[in-house]
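*Asks:* Structure incoming, see below.
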Amino acid sequence: MRLIRSEFLKIRTTNVWWLFALGAIGLLVLAFAINALNMHFGVLQPPAEAGQQMDPESAAALAALAEPVALTSYMVTSGQYFGLMFVMLLGIITVTNEFHHQTATTTFLATPHRTSVILAKAAAGSIFGLVLWLVTTALTVPATAIFLNAEGVTPMLGDGDVIRAVLLNGLAYALWALIGIGIGVLIRSQIGATITAMVVYTVGTVAVSIIINVLTNLLDWDWLADVQWAMPSLASGLMTSGTSLPGQPDYWVGALVLVGWAVVTGLVGTLLTRSRDVS
Amino acid sequence: MGNVITDGEIVVSGLTKHYKQVKAVDGLSFTIQPGRVTGFLGPNGAGKTTTLRMILNLVSPTAGTATIGGSRYADLAEPLHAVGAVLEASSAHKGRTGRNHLRVVCAAAGLPDSRADEALELVGLTPAAKRKFKGYSLGMRQRLGIAAAMLGDPRVLILDEPANGLDPEGIRWMRDLLQKLAGEGRTILVSSHLLSEMELLADDVVIIAAGRLVAQGTVAEVIGKAGTAGTVRVRTPHPDTLLGALDGIGSSHGDDGALLLTGVTAEQVGDAALRAGVAIHELVTERPDLERVFLDLTAGKEAIR
């Protein structure tokens, strides 16, 4: 417990946490606005000519997304993409700071049991993630209600599937801290780790999606399309989609993939930390 | 089980660290006694820092053990209450204040925040408590390191090159502090390559070179054992007469025309001069200093391995 307090104090006594929180909330506003425009023009009032040319699969997906439950889940978990990235970056920084500022020595002198240190970092990072999720959700719930009412759709905020999506969104915020910590252990350089993680998270997600889609179409292997859900960022979105959309696996697949990633990166990080010489 | 340190003896036994090609530390064994300041000496690259880090469980040994009060560092229930360590000067987050840095350590060690203020007071950093670490001078950083080491009021204090970056006043302050702490019965182990400083500070010395033990004992013992015998320096207008009276004792001429004699005491030289009726203008015993001994002992071993 005192280790978690110590790790939390480390986060709280530097500027990073509020810069990240500010960044995450700023991008949340942006993401919500983009999502709202997208829903308004793309889903709720699809242009007639676009609807004509659309293949039946995409049209079905659009129609499913227009359902109030899916729509509410989608809007209320807005900002997830950047929010998770900031939680991951915070996780990375809690580890790489120790090497960047050479405080690992002090930390491991106070606590020779390094597994406990990683666990405390995971707990503190996850708490930060959960707090960010709470703030985010507190903003998106009323905004979603206002937006959907304005669109003439009844917001389904009390629906079981929506609540599940919101809670799983919280789980995603907590788990990404763990993924960040694992990355931080693997790549000790602060700049190296943050830049690598950001590029993989943003460009990498899109690139994998495109490559897999191209390959799927070229080779006509339908199963290949499901491989993209192994990307943790896409799995996070899948997990919070509320209802199952056509052409997508169920939400729990996303949850399992994400838990898997967090466990693997956390374990690898812990094992490396235990055996590594600190000098 | 709680491993409360009853005596603060540090025992290093067969400690070895091999990096890929290099034997950084090679079968090192020594014992450090409580209530004394022990200087841990060696040329740069001798393996001092690696040894200290192995004692503190930061680097895992290839072979051998190191215990503090009978326990390995990793087995100490409350390590900061048992051992304080100052390992590198710049070891705090640049954007964190000195006081918050100490509070983070207090939290991890289960100590109250008030200990942070007490430790700052002890090292004279109270006025800079709320300043960020990046604004600290090298000397202030070293003091903050000592404050962090003293948070748990430990029986054992281990310092790696603590004099680095300190001005003469700071070095004097640190010497007084460490001697006071040793006087309270604590074990003080200080590594350094600054020999003149160690001669003033240390009661005992452990000298290593190329990862191996070269000498261990009190400062006087090590100087005595090293075989660098005392030299008697004498100036006289009639050196040949005096040498004749001394019956073939080895001599050499100093740069200012003085005789440097080995294997005799100043008393013997004085008596011989009286018997021979030779005037003496200067008669001094030159004790070898730690620096000379150190250079003799480690000569040829500091080559890069």
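Residues are named by chain letter and number: chains run A, B, ... in the order of the structure tokens, numbers start at 1 in each chain, and ligands are numbered from 1 in the order shown.
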Please determine the contact residues of chain A with respect to chain B at a cut-off of 10 Å, counting only C-alpha atoms, and supply them as a PyMOL selection string.
*Replies:* chain A and resi 1-16+97-114+117+274-279
*Asks:* Contacts of region 34-48 of chain B at 8 Å or less, counting only C-alpha atoms, minus same-chain residues fewer than 2 places along, as a count of residues only?
*Replies:* 41
*Asks:* Write down as a PyMOL selection string the residues belonging to region 44-246 of chain A that are assigned helix (DSSP H, G or I) by DSSP computed on the backbone.
*Replies:* chain A and resi 44+48-53+56-65+68-76+80-100+104-110+114-151+160-186+190-219+224-230+232-239
*Asks:* In terms of the shortest atom-to-atom distance over only C-alpha atoms, which of A:Leu119, A:Leu258, A:Leu267, A:Leu28 is closest to Leu139 (chain A)?
*Replies:*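 Selected residue with least distance to Leu139 (chain A): A:Leu28.
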*Asks:* Excluding Ala172 (chain A) and any residue of its chain fewer than 6 positions from it, enumerate the residues within 9 Å of it, using only C-alpha atoms, and give them as a list of chain:residue names.
*Replies:*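 The residues that qualify are A:Gln80, A:Leu84, A:Gly129, A:Leu130, A:Ser236, A:Met239, A:Thr240, A:Ala255, A:Leu258, A:Val259.
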*Asks:* Write a file of the just-selected residues containing N, CA, C and O atoms, as a CSV table (one decimal), in the first residue's frame.
*Replies:*
```csv
chain,number,residue,atom,x,y,z
A,80,GLN,N,-11.8,7.8,-26.4
A,80,GLN,CA,-11.1,6.6,-26.0
A,80,GLN,C,-9.7,6.5,-26.7
A,80,GLN,O,-8.7,6.2,-26.0
A,84,LEU,N,-6.7,6.6,-24.2
A,84,LEU,CA,-5.8,5.4,-23.9
A,84,LEU,C,-4.4,5.6,-24.3
A,84,LEU,O,-3.5,5.1,-23.6
A,129,GLY,N,-5.5,6.1,-14.8
A,129,GLY,CA,-6.3,5.7,-16.0
A,129,GLY,C,-7.8,5.8,-15.6
A,129,GLY,O,-8.6,6.4,-16.3
A,130,LEU,N,-8.1,5.2,-14.4
A,130,LEU,CA,-9.5,5.2,-14.0
A,130,LEU,C,-10.1,6.6,-13.7
A,130,LEU,O,-11.2,6.9,-14.0
A,236,SER,N,-9.6,-2.5,-28.1
A,236,SER,CA,-10.2,-1.6,-27.1
A,236,SER,C,-11.5,-1.1,-27.6
A,236,SER,O,-12.5,-1.0,-26.9
A,239,MET,N,-14.2,-3.8,-27.8
A,239,MET,CA,-14.7,-4.1,-26.5
A,239,MET,C,-15.8,-3.2,-26.0
A,239,MET,O,-16.7,-3.5,-25.2
A,240,THR,N,-15.8,-1.9,-26.5
A,240,THR,CA,-16.7,-0.9,-26.0
A,240,THR,C,-17.8,-0.6,-27.1
A,240,THR,O,-18.4,0.5,-27.0
A,255,ALA,N,-12.1,-7.7,-25.2
A,255,ALA,CA,-11.7,-7.7,-23.8
A,255,ALA,C,-10.6,-8.7,-23.6
A,255,ALA,O,-9.6,-8.4,-22.9
A,258,LEU,N,-7.3,-7.6,-25.1
A,258,LEU,CA,-6.6,-6.5,-24.3
A,258,LEU,C,-6.0,-7.0,-23.0
A,258,LEU,O,-4.9,-6.7,-22.7
A,259,VAL,N,-6.8,-7.9,-22.3
A,259,VAL,CA,-6.3,-8.4,-21.1
A,259,VAL,C,-5.0,-9.3,-21.4
A,259,VAL,O,-4.0,-9.2,-20.7
```
*Asks:* So, counting only C-alpha atoms, which residue among A:Ala145, A:Ile25, A:Leu238, A:Ile34 is closest to Pro68 (chain A)?
*Replies:*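 Nearest candidate to Pro68 (chain A) out of A:Ala145, A:Ile25, A:Leu238, A:Ile34: A:Ala145.
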*Asks:* CA of Ala61 (chain A) and CA of Val153 (chain A), how far apart in Å?
*Replies:*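 Going from CA of Val153 (chain A) over to CA of Ala61 (chain A) covers 18.1 Å.
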*Asks:* Name the closest residue to Val284 (chain B) among the candidates B:Pro239, B:Val264, B:Arg233, B:Gly244; distances are taken between atoms, counting only C-alpha atoms.
*Replies:*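 The shortest atom-to-atom distance to Val284 (chain B) comes from B:Arg233.
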*Asks:* Excluding region 115-126 of chain B and any residue of its chain fewer than 4 positions from it, enumerate the residues within 7 Å of it, using only C-alpha atoms, and give them as a list in words.
*Replies:*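 Within the cut-off, the hits are Arg99, Leu102, Arg103, Leu111, Arg143, Ala147, Met150 and Leu151 of chain B.
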*Asks:* Grab the residues selected above and save them as a short mmCIF file (atom, residue, chain, number, x, y, z; two decimals), in the first residue's frame with C-alpha atoms.
*Replies:*
```cif
data_model
loop_
_atom_site.label_atom_id
_atom_site.label_comp_id
_atom_site.auth_asym_id
_atom_site.auth_seq_id
_atom_site.Cartn_x
_atom_site.Cartn_y
_atom_site.Cartn_z
CA ARG B 99 11.56 17.83 -0.32
CA LEU B 102 12.54 12.72 -0.06
CA ARG B 103 8.80 12.34 0.55
CA LEU B 111 8.33 6.77 7.12
CA ARG B 143 23.77 16.73 0.16
CA ALA B 147 19.68 13.30 3.25
CA MET B 150 19.71 9.24 6.39
CA LEU B 151 15.89 9.12 6.20
#
```
*Asks:* According to DSSP computed on the backbone, where in region 112-288 of chain B is there strand (DSSP E)? Give the residues as a ChimeraX atom specification.
*Replies:* /B:156-160,187-192,204-209,212-218,231-235,251-253,259-262,282-286
